[in-house]
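Listing of input02.csv, CSV, C-alpha atoms
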```csv
chain,number,residue,atom,x,y,z
A,105,MET,CA,-3.5,47.6,-78.2
A,106,PRO,CA,-3.6,44.9,-80.9
A,107,THR,CA,-0.9,42.6,-82.1
A,108,ARG,CA,-0.4,42.3,-85.9
A,109,THR,CA,0.9,39.2,-87.5
A,110,ALA,CA,2.7,38.2,-90.7
A,111,ARG,CA,4.2,34.9,-91.5
A,112,THR,CA,6.7,33.5,-94.0
A,113,ALA,CA,6.9,30.1,-95.6
A,114,TRP,CA,10.4,29.4,-96.9
A,115,ASN,CA,11.8,26.5,-98.9
A,116,GLY,CA,15.5,25.9,-99.7
A,117,THR,CA,18.8,27.6,-99.0
A,118,LEU,CA,19.5,31.3,-98.8
A,119,GLU,CA,21.0,31.4,-102.2
A,120,HIS,CA,18.5,29.2,-104.1
A,121,GLY,CA,15.4,29.2,-101.9
A,122,ALA,CA,12.3,31.3,-102.0
A,123,GLY,CA,9.4,32.1,-99.9
A,124,GLN,CA,6.0,33.8,-99.5
A,125,ILE,CA,5.2,36.5,-97.0
A,126,GLU,CA,1.6,36.5,-95.8
A,127,LEU,CA,0.1,39.6,-94.3
A,128,THR,CA,-1.9,37.5,-91.9
A,129,SER,CA,-3.7,40.1,-89.8
A,130,SER,CA,-5.0,42.2,-92.7
A,131,ARG,CA,-5.5,39.2,-95.1
A,132,ILE,CA,-4.6,41.6,-98.0
A,133,GLY,CA,-2.1,39.3,-99.7
A,134,THR,CA,0.8,36.9,-100.0
A,135,TYR,CA,4.0,38.2,-101.6
A,136,ASP,CA,7.0,36.4,-103.0
A,137,VAL,CA,10.4,36.9,-101.5
A,138,SER,CA,13.9,35.5,-102.4
A,139,PHE,CA,17.4,36.5,-101.4
A,140,PRO,CA,18.8,36.9,-104.9
A,141,LYS,CA,16.0,39.4,-105.7
A,142,ARG,CA,16.4,41.0,-102.3
A,143,ALA,CA,20.1,41.7,-103.0
A,144,ALA,CA,19.5,42.8,-106.6
A,145,ASP,CA,18.8,46.4,-107.9
A,146,ASP,CA,15.6,45.2,-109.6
A,147,ALA,CA,13.1,43.5,-107.2
A,148,ASP,CA,11.4,42.0,-110.3
A,149,GLY,CA,8.0,41.5,-108.7
A,150,THR,CA,9.1,40.3,-105.2
A,151,THR,CA,9.2,42.1,-101.9
A,152,SER,CA,11.8,42.1,-99.2
A,153,PRO,CA,12.1,42.8,-95.5
A,154,GLU,CA,13.6,46.2,-96.4
A,155,GLU,CA,10.6,47.1,-98.5
A,156,LEU,CA,8.2,46.0,-95.7
A,157,ILE,CA,10.2,48.0,-93.2
A,158,ALA,CA,10.0,51.0,-95.5
A,159,ALA,CA,6.2,50.6,-95.8
A,160,ALA,CA,5.9,50.4,-92.0
A,161,HIS,CA,8.2,53.3,-91.4
A,162,SER,CA,6.6,55.6,-94.0
A,163,ALA,CA,3.1,54.9,-92.6
A,164,CYS,CA,4.1,55.3,-89.0
A,165,PHE,CA,6.0,58.5,-89.6
A,166,ALA,CA,3.0,60.0,-91.6
A,167,MET,CA,0.6,59.2,-88.7
A,168,GLN,CA,3.0,60.6,-86.1
A,169,LEU,CA,3.7,63.7,-88.1
A,170,SER,CA,0.0,64.4,-88.5
A,171,ALA,CA,-0.3,64.2,-84.7
A,172,GLU,CA,2.8,66.5,-84.2
A,173,ILE,CA,1.4,69.1,-86.6
A,174,ALA,CA,-2.0,69.1,-84.8
A,175,GLN,CA,-0.3,69.5,-81.4
A,176,ARG,CA,1.4,72.6,-82.8
A,177,GLY,CA,-1.9,74.1,-83.9
A,178,GLY,CA,-1.5,73.2,-87.6
A,179,THR,CA,-3.8,71.3,-89.9
A,180,PRO,CA,-2.2,68.5,-92.0
A,181,GLU,CA,-3.9,68.7,-95.4
A,182,ALA,CA,-1.6,66.3,-97.3
A,183,LEU,CA,1.6,64.5,-96.4
A,184,ASP,CA,3.7,62.6,-99.0
A,185,VAL,CA,6.1,60.4,-97.1
A,186,ARG,CA,8.8,58.1,-98.7
A,187,ALA,CA,11.1,55.8,-96.7
A,188,ASP,CA,14.2,54.4,-98.5
A,189,VAL,CA,15.7,51.5,-96.6
A,190,SER,CA,19.2,50.4,-97.7
A,191,LEU,CA,20.8,46.9,-97.3
A,192,GLY,CA,24.5,46.4,-97.4
A,193,PRO,CA,27.3,44.3,-96.1
A,194,ASP,CA,28.1,44.2,-92.4
A,195,PRO,CA,31.9,44.7,-92.2
A,196,VAL,CA,32.1,43.9,-88.5
A,197,ARG,CA,29.9,40.7,-88.1
A,198,GLY,CA,29.8,39.6,-91.8
A,199,GLY,CA,26.6,39.0,-93.6
A,200,PHE,CA,24.2,42.0,-94.2
A,201,GLN,CA,22.8,44.9,-92.3
A,202,LEU,CA,20.4,47.8,-92.8
A,203,THR,CA,22.8,50.6,-93.7
A,204,GLY,CA,20.4,53.5,-93.5
A,205,ILE,CA,16.9,54.8,-93.7
A,206,ARG,CA,16.1,58.1,-95.5
A,207,LEU,CA,12.7,59.6,-94.7
A,208,THR,CA,11.5,62.2,-97.2
A,209,VAL,CA,8.3,64.2,-96.6
A,210,ARG,CA,6.6,66.9,-98.5
A,211,GLY,CA,3.6,68.5,-96.7
A,212,GLU,CA,0.8,70.8,-97.3
A,213,VAL,CA,-0.1,72.2,-93.9
A,214,GLY,CA,-2.3,75.0,-92.7
A,215,GLY,CA,-1.4,77.1,-89.7
A,216,LEU,CA,2.4,76.3,-89.5
A,217,ASP,CA,5.3,78.0,-91.2
A,218,GLU,CA,8.4,76.1,-92.5
A,219,ALA,CA,10.1,76.2,-89.1
A,220,GLY,CA,7.1,74.8,-87.3
A,221,PHE,CA,6.7,72.0,-89.9
A,222,LEU,CA,10.4,71.1,-89.6
A,223,ASP,CA,10.1,71.0,-85.8
A,224,ALA,CA,7.1,68.7,-86.1
A,225,ALA,CA,8.9,66.5,-88.6
A,226,GLY,CA,11.9,66.1,-86.4
A,227,ALA,CA,9.7,65.3,-83.4
A,228,ALA,CA,7.8,62.7,-85.5
A,229,LYS,CA,11.1,61.1,-86.6
A,230,ALA,CA,12.2,60.8,-83.0
A,231,SER,CA,8.9,59.6,-81.5
A,232,CYS,CA,7.4,57.3,-84.3
A,233,PRO,CA,7.3,53.8,-82.8
A,234,VAL,CA,9.0,52.3,-85.9
A,235,SER,CA,11.8,54.9,-85.7
A,236,ARG,CA,12.3,54.0,-82.0
A,237,ALA,CA,12.4,50.3,-82.9
A,238,LEU,CA,15.1,51.0,-85.5
A,239,THR,CA,17.5,52.9,-83.3
A,240,GLY,CA,20.4,50.8,-84.5
A,241,VAL,CA,20.1,52.2,-88.0
A,242,GLU,CA,20.9,55.8,-89.0
A,243,ILE,CA,17.7,57.6,-90.0
A,244,THR,CA,17.9,60.8,-92.0
A,245,LEU,CA,15.1,63.2,-92.7
A,246,ASP,CA,14.4,65.5,-95.6
A,247,ALA,CA,11.3,67.6,-94.9
A,248,ALA,CA,9.8,70.5,-96.6
A,249,LEU,CA,6.5,72.4,-97.0
A,250,GLU,CA,5.0,72.7,-100.4
A,251,ALA,CA,3.1,75.7,-101.5
```

In structure tokens, write the structure found in this file.
Amino acid sequence: MPTRTARTAWNGTLEHGAGQIELTSSRIGTYDVSFPKRAADDADGTTSPEELIAAAHSACFAMQLSAEIAQRGGTPEALDVRADVSLGPDPVRGGFQLTGIRLTVRGEVGGLDEAGFLDAAGAAKASCPVSRALTGVEITLDAALEA
């Protein structure tokens, strides 16, 4: 299996520095990052490690859920997956930590009822490689079928 690469060039201190994250393997872009904007409510055109984790988690979960649905005899027609990754203070070690991840999925699926879809979603949450890599963070799931 392949290895994917990203790199960050950083200049300055945490509080006053800034950097650029390059998505090296895909070559699709370079994105600005800074700690003040990472910790602010408005990202103001920059990305953050949390946003990149959210992107990775939502994509991984969608892929895994489509496989789980198929294994149960269903047909995934459309999955809308959102991952919200929260950053907050670490009261034990100081600094910051990921305080939670909320996965929200709405699906249009043929051949499965609501219970089957919820079972598939729970299995996808547990078996997605990104979920498994983030076991130190509480991950919650809100899943529902749409008509």

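One finds CA of Ala225 (chain A) at 13.6 Å from CA of Ala187 (chain A).
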
Problem set entry | Selection: 10 Å around Ser231 (chain A), all atoms listed in the file, excl. self and same-chain fewer than 2 positions, as a ChimeraX atom specification | /A:164-165,168-169,172,225-229,233-236

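For the set A:Glu250, A:Asp145, A:Asp194, A:Glu119, the residue with the smallest atom-to-atom gap to Asp217 (chain A) is A:Glu250, counting only C-alpha atoms.
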
Exercise. Hey, what's within 7 Å of region 245-249 of chain A if we count all atoms listed in the file and toss same-chain stuff fewer than 2 positions away? As a PyMOL selection string, please?
Worked result: chain A and resi 206-212+218+222+225+243+251

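When CA of Ser130 (chain A) is paired with CA of Thr151 (chain A), their separation reads 16.9 Å.
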
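Taking CA of Ala122 (chain A) and CA of Ser138 (chain A) as the two end points, the separation is 4.5 Å.
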
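With distances taken over all atoms listed in the file, A:Ala224 is the one residue among A:Leu118, A:Val241, A:Ala230, A:Ala224 lying closest to Gln175 (chain A).
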
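Distance check against Lys141 (chain A) using all atoms listed in the file: of A:Ser129, A:His120, A:Ala160, A:Gly177, the minimum falls on A:His120.
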
Problem set entry | Counting only C-alpha atoms, the residue of A:Ala110, A:Ile125, A:Ala143, A:Val213 that sits nearest Phe200 (chain A) | A:Ala143

For this session: Find the residue from A:Arg186, A:Arg197, A:Arg108, A:Arg176 that sits nearest to Thr128 (chain A); use only C-alpha atoms when measuring.
Result: A:Arg108

For this session: Have a look at A:Ala158, A:Arg111, A:Val185, A:Ser170 and name the one nearest to Val137 (chain A); count all atoms listed in the file.
Result: A:Arg111

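Excluding Tyr135 (chain A) and any residue on its chain fewer than 6 positions from it, the residues at most 9 Å away by only C-alpha atoms are Gly123, Gln124, Ile125, Glu126, Leu127, Gly149, Thr150 and Thr151 of chain A.
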
With C-alpha atoms as the atom set, please write region 222-239 of chain A from the structure just given, as a CSV table (one decimal), in the first residue's frame.
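Done, and the output landed in part.csv:
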```csv
chain,number,residue,atom,x,y,z
A,222,LEU,CA,-27.1,2.4,11.9
A,223,ASP,CA,-25.3,-1.0,12.3
A,224,ALA,CA,-23.2,-0.3,9.2
A,225,ALA,CA,-22.4,3.2,10.5
A,226,GLY,CA,-21.3,2.0,13.9
A,227,ALA,CA,-19.1,-0.7,12.3
A,228,ALA,CA,-17.6,1.9,10.0
A,229,LYS,CA,-16.8,4.2,12.9
A,230,ALA,CA,-15.1,1.4,14.7
A,231,SER,CA,-13.1,0.0,11.7
A,232,CYS,CA,-12.2,3.1,9.7
A,233,PRO,CA,-8.3,3.4,9.8
A,234,VAL,CA,-8.5,7.1,10.8
A,235,SER,CA,-10.9,6.3,13.7
A,236,ARG,CA,-8.6,3.6,14.8
A,237,ALA,CA,-5.6,6.0,14.7
A,238,LEU,CA,-7.5,8.5,16.8
A,239,THR,CA,-8.5,6.2,19.7
```
